[in-house]
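One structure is given here, and the rest of the page talks about it.
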Amino acid sequence: MHVKLILPALKEAGTAQWRPIKYALFPPLGLATLAAYLDPTDTVDLVDQHVEALDLNDTPDLVLIQVYITNARRAYQIADHYRAKGCHVCLGGLHVTSLPDEAAQHADTVFLGPGEDSFPRFLADFRRRQPQARYASTLRTLDGLPPVRRDLIRRENYLVPNAIVVSRGCPYRCSFCYKEAFFEGGKSFYTQKVDAALAEINRLPGRHLYFLDDHLLGDARFARELFAGMRGMNRLFQGASTVNAITQGDLIERAAAAGLRSVFIGFESLGQESLGFSNKRQNLGRDYDEAINRLDSLGIKINGSFVFGLDGDTPDVFARTVEWAVSRGLTTATFHIATPYPGTAFHRQMSQEGRMLHDDWDLYDTRHVVFEPRGMSAAQLEAGYAWAYQNFYSWRNIGRASLHHADPLAGLTHFAYSAAWKKAEPLWNLAIQTGLLGQTRRGLEWVLGARRALSRPHSAAAAPELRS
């Protein structure tokens with residue numbers, strides 16, 4: 001059987017609007033995970049349209065397309081093309097789960113929710129020539145998950161080829177989270193067995209890893225055992241956490257001892273009203289400065305995430321947020337315009353209040369305003385978002401944030417990392433387009449690990465005292 005797995009792109013590789021650094025970060029692990037359930041005798045093609053051209057001249061027996069909101073239009077076009085050729089087309093992913101009836105107009109089969117249990121059921125039905133039109137996730141477990149088909153991934157195309165996921169979902173239910181509908185009707189957060197996660201890590205070459213999990217520290221027992229198993233592996237890694245997981249217990253110290261060097265944190269808003277509006281309970285009443293100081297003491301870089309336009313935000317939110325992030329020495333910041341994704345509580349509320357502007361999925365990219373904000377105009381929100389990025393990554397503020405560190409080496413690596421992430425974006429794009437991504441990536445990896453390689457901060461001295 002010939003199977004083709006496709007991740008469509010809104011901005012395809014090689015087109016005038018393509019931004020390589022934006023689309024060449026991580027490989028399509030979801031599709032590579034599903035490919036692991038196929039028979040060894042099957043012919044399998046995995047195509048990530050973000051980094052490579054998609055050949056539409058073939059006629060596979062089975063076409064699987066992963067759909068998220070901003071690639072939905074392209075995904076449907078590709079699906080319609082292959083269905084017209086007589087191929088059996090399956091659609092799955094976040095957008096399909098949120099709007100299954102819309103997706104079903106372009107597919108022979110749609111998948112709702114995670115596919116670890118539903119995809120094997122479909123394969124058995126398909127081989128019997130009795131495939132159903134719709135499959136929904138009923139069993140939420142990663143036990144027995146086969147090794148990801150990384151042989152199908154062209155590592156040279158990605159800035160972070162050693163991406164890994166060891167859990168699914170998140171223990172929290174923020175009202176704006178795109179994954180709210182995806183995990184509805186079952187467990188919303190679950191992990192692999194620790195031994196299986198460590199085995200997957202061992203299969204990855206090189207030293208640097210990036211955990212794409214929504215909350216790597218979300219299950220304290222799992223995380224504690226994972227970090228204990230990773231000690232001695234000589235790995236450096238990045239991951240995501242919440243503020244409360246960093247300020248409670250000693251889990252973040254264990255992560256640092258295992259090799260954590262950078263953490264993504266969804267601060268989202270500095271205002272309690274905005275946090276309450278978005279049901280960001282894990283941040284309400286939390287001391288952001290306590291978390292930041294703890295991470296600084298461990299030599300862990302911080303990528304802070306912020307959302308603009310929630311009810312409670314006014315036009316001064318942009319300057320306040322940027323000044324706070326710079327004054328706290330955040331290494332990088334990611335800004336977003338609040339976006340009510342279909343299937344979320346945020347979307348339901350905006351629809352009920354008549355505040356949705358349109359359903360042009362191409363623009364649901366957190367860079368455009370798609371609803372009527374309450375505390376400012378749509379034009380003010382888009383302008384403020386653009387200003388925040390420009391201002392935070394100004395040379396002046398990169399320098400100011402670097403001076404937040406008492407350790408000169410930490411300040412130097414902060415400056416290099418922050419500048420490399422945004423100021424050097426044209427060089428990254430050139431490296432990707434000219435095939436020199438591997439060489440330039442190694443430079444950024446050196447910056448990520450430099451402080452620990454050249455100094456011995458408090459956390460390294462304390463590491464022998466940590467026990468699983």
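Residues are named by chain letter and number: chains run A, B, ... in the order of the structure tokens, numbers start at 1 in each chain, and ligands are numbered from 1 in the order shown.
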Pull the closest atom pair for each residue of range 294-328 of chain A that gets at most 9 Å from range 365-375 of chain A, along with the distance in Å to one decimal, counting only C-alpha atoms, ordering rows by chain and then ascending residue number, as JSON lines.
```
{"residue": "A:Val307", "atom": "CA", "partner": "A:Thr366", "partner_atom": "CA", "distance": 8.8}
{"residue": "A:Gly309", "atom": "CA", "partner": "A:Pro373", "partner_atom": "CA", "distance": 5.9}
{"residue": "A:Leu310", "atom": "CA", "partner": "A:Pro373", "partner_atom": "CA", "distance": 7.1}
{"residue": "A:Asp311", "atom": "CA", "partner": "A:Arg374", "partner_atom": "CA", "distance": 5.8}
{"residue": "A:Gly312", "atom": "CA", "partner": "A:Gly375", "partner_atom": "CA", "distance": 6.5}
{"residue": "A:Asp313", "atom": "CA", "partner": "A:Gly375", "partner_atom": "CA", "distance": 5.6}
{"residue": "A:Thr314", "atom": "CA", "partner": "A:Gly375", "partner_atom": "CA", "distance": 4.8}
{"residue": "A:Pro315", "atom": "CA", "partner": "A:Gly375", "partner_atom": "CA", "distance": 7.3}
```
As a PyMOL selection string, please: every residue in range 37-235 of chain A that a backbone DSSP assignment puts in strand (DSSP E or B).
chain A and resi 43-48+62-66+88-92+109-112+134-136+163-164+167-169+189-191+208-211
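Between CA of Asp45 in chain A and CA of Thr59 in chain A the separation is 11.8 Å.
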Close residues, range 27-29 of chain A itself excluded, 12 Å, only C-alpha atoms, min 3 positions apart in chain, as JSON, numbers by chain:
{"A": [5, 6, 7, 8, 9, 23, 24, 32, 33, 34, 35, 36, 46, 47, 48, 49, 50, 51, 52, 65, 66, 67, 93, 147, 148, 149, 150, 151, 152, 153, 154, 155, 156, 157, 158, 159, 160, 161, 162, 163, 164, 165, 166, 210, 211, 212, 213]}
Just want the 10 Å neighbourhood of range 334-346 of chain A, counted on only C-alpha atoms, with same-chain residues fewer than 6 positions away dropped. Output as a ChimeraX atom specification.
/A:69,94-95,97-99,173-182,184,264-266,268,277-279,303-311,318,321-322,352,356,359,361,363-371,373,381-382,384-386,388-389,392
What is the distance between CA of Trp421 in chain A and CA of Gln390 in chain A, in Å to one decimal?
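Interatomic distance here is 13.0 Å.
Each of A:Ile302, A:Ala228, A:Leu38, A:Met233 was compared to Tyr288 in chain A using only C-alpha atoms, and A:Ile302 turns out to be the nearest.
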When DSSP works through the backbone of this structure, what residues of range 348-438 of chain A end up as alpha helix (DSSP H), shown as an MDAnalysis selection string?
chainID A and resid 348:352 378:392 395:402 408:418 425:433 437:438
Residues near Phe189 in chain A, anyone? I mean within 10 Å using only C-alpha atoms, not counting same-chain ones fewer than 6 positions away, as a VMD selection string.
chain A and resid 140 to 141 167 to 172 183 214 to 215 218 to 219
Could you write out the selected residues, including all heavy atoms, as a short mmCIF file (atom, residue, chain, number, x, y, z; two decimals), in the first residue's frame?
```cif
data_model
loop_
_atom_site.label_atom_id
_atom_site.label_comp_id
_atom_site.auth_asym_id
_atom_site.auth_seq_id
_atom_site.Cartn_x
_atom_site.Cartn_y
_atom_site.Cartn_z
N ARG A 140 -7.32 7.23 25.97
CA ARG A 140 -6.23 8.19 26.10
C ARG A 140 -5.06 7.55 26.84
O ARG A 140 -5.03 7.50 28.08
CB ARG A 140 -6.71 9.44 26.85
CG ARG A 140 -7.87 10.16 26.17
CD ARG A 140 -7.43 10.84 24.89
NE ARG A 140 -8.55 11.31 24.09
CZ ARG A 140 -9.21 12.44 24.27
NH1 ARG A 140 -8.86 13.25 25.26
NH2 ARG A 140 -10.20 12.78 23.47
N THR A 141 -4.14 7.00 26.08
CA THR A 141 -2.94 6.40 26.67
C THR A 141 -1.83 6.41 25.64
O THR A 141 -2.08 6.36 24.43
CB THR A 141 -3.21 4.96 27.14
OG1 THR A 141 -2.00 4.41 27.69
CG2 THR A 141 -3.67 4.09 25.98
N SER A 167 4.36 13.66 26.22
CA SER A 167 3.05 13.71 26.85
C SER A 167 2.05 14.24 25.84
O SER A 167 2.41 14.64 24.73
CB SER A 167 3.08 14.62 28.09
OG SER A 167 3.34 15.98 27.72
N ARG A 168 0.80 14.26 26.22
CA ARG A 168 -0.24 14.84 25.38
C ARG A 168 -1.05 15.81 26.24
O ARG A 168 -1.38 15.52 27.39
CB ARG A 168 -1.18 13.77 24.82
CG ARG A 168 -0.52 12.77 23.90
CD ARG A 168 -0.15 13.36 22.56
NE ARG A 168 0.36 12.35 21.65
CZ ARG A 168 1.63 11.97 21.57
NH1 ARG A 168 2.53 12.53 22.36
NH2 ARG A 168 2.01 11.04 20.70
N GLY A 169 -1.39 16.95 25.65
CA GLY A 169 -2.31 17.87 26.30
C GLY A 169 -1.69 18.66 27.43
O GLY A 169 -0.47 18.82 27.55
N CYS A 170 -2.58 19.17 28.29
CA CYS A 170 -2.19 20.05 29.38
C CYS A 170 -3.17 19.86 30.54
O CYS A 170 -4.36 19.63 30.31
CB CYS A 170 -2.21 21.51 28.90
SG CYS A 170 -1.79 22.74 30.16
N PRO A 171 -2.70 19.96 31.78
CA PRO A 171 -3.62 19.78 32.92
C PRO A 171 -4.55 20.97 33.14
O PRO A 171 -5.45 20.90 33.98
CB PRO A 171 -2.67 19.59 34.11
CG PRO A 171 -1.39 20.25 33.69
CD PRO A 171 -1.30 20.06 32.21
N TYR A 172 -4.35 22.07 32.40
CA TYR A 172 -5.16 23.27 32.58
C TYR A 172 -6.06 23.48 31.37
O TYR A 172 -5.81 22.97 30.28
CB TYR A 172 -4.27 24.49 32.83
CG TYR A 172 -3.40 24.32 34.05
CD1 TYR A 172 -2.05 24.01 33.92
CD2 TYR A 172 -3.93 24.45 35.33
CE1 TYR A 172 -1.25 23.84 35.04
CE2 TYR A 172 -3.14 24.26 36.46
CZ TYR A 172 -1.80 23.96 36.30
OH TYR A 172 -1.00 23.78 37.41
N PHE A 183 -8.94 17.57 23.12
CA PHE A 183 -8.87 16.59 24.20
C PHE A 183 -10.19 16.45 24.96
O PHE A 183 -10.23 15.85 26.03
CB PHE A 183 -7.73 16.93 25.16
CG PHE A 183 -6.37 16.76 24.55
CD1 PHE A 183 -5.67 17.83 24.03
CD2 PHE A 183 -5.79 15.50 24.47
CE1 PHE A 183 -4.42 17.67 23.46
CE2 PHE A 183 -4.54 15.31 23.90
CZ PHE A 183 -3.86 16.40 23.38
N ASP A 214 3.23 20.67 25.95
CA ASP A 214 2.62 21.89 26.44
C ASP A 214 3.06 22.22 27.87
O ASP A 214 3.12 23.39 28.24
CB ASP A 214 1.09 21.78 26.40
CG ASP A 214 0.57 21.70 24.97
OD1 ASP A 214 1.07 22.45 24.12
OD2 ASP A 214 -0.33 20.89 24.70
N HIS A 215 3.33 21.19 28.66
CA HIS A 215 3.73 21.41 30.05
C HIS A 215 4.61 20.25 30.48
O HIS A 215 4.13 19.24 30.97
CB HIS A 215 2.50 21.52 30.94
CG HIS A 215 2.78 21.98 32.34
ND1 HIS A 215 4.05 22.26 32.80
CD2 HIS A 215 1.94 22.23 33.39
CE1 HIS A 215 3.99 22.64 34.07
NE2 HIS A 215 2.72 22.63 34.44
N GLY A 218 4.16 19.12 33.97
CA GLY A 218 2.75 19.02 34.35
C GLY A 218 2.41 17.86 35.23
O GLY A 218 1.47 17.93 36.03
N ASP A 219 3.13 16.75 35.12
CA ASP A 219 2.96 15.60 36.00
C ASP A 219 4.25 15.49 36.80
O ASP A 219 5.28 15.03 36.30
CB ASP A 219 2.71 14.34 35.17
CG ASP A 219 2.48 13.09 36.03
OD1 ASP A 219 3.13 12.96 37.08
OD2 ASP A 219 1.66 12.24 35.62
#
```
What's the separation between CA of Ala220 in chain A and CA of Leu251 in chain A, in Å to one decimal place?
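Taking CA of Ala220 in chain A as the start and CA of Leu251 in chain A as the end point, the length is 7.2 Å.
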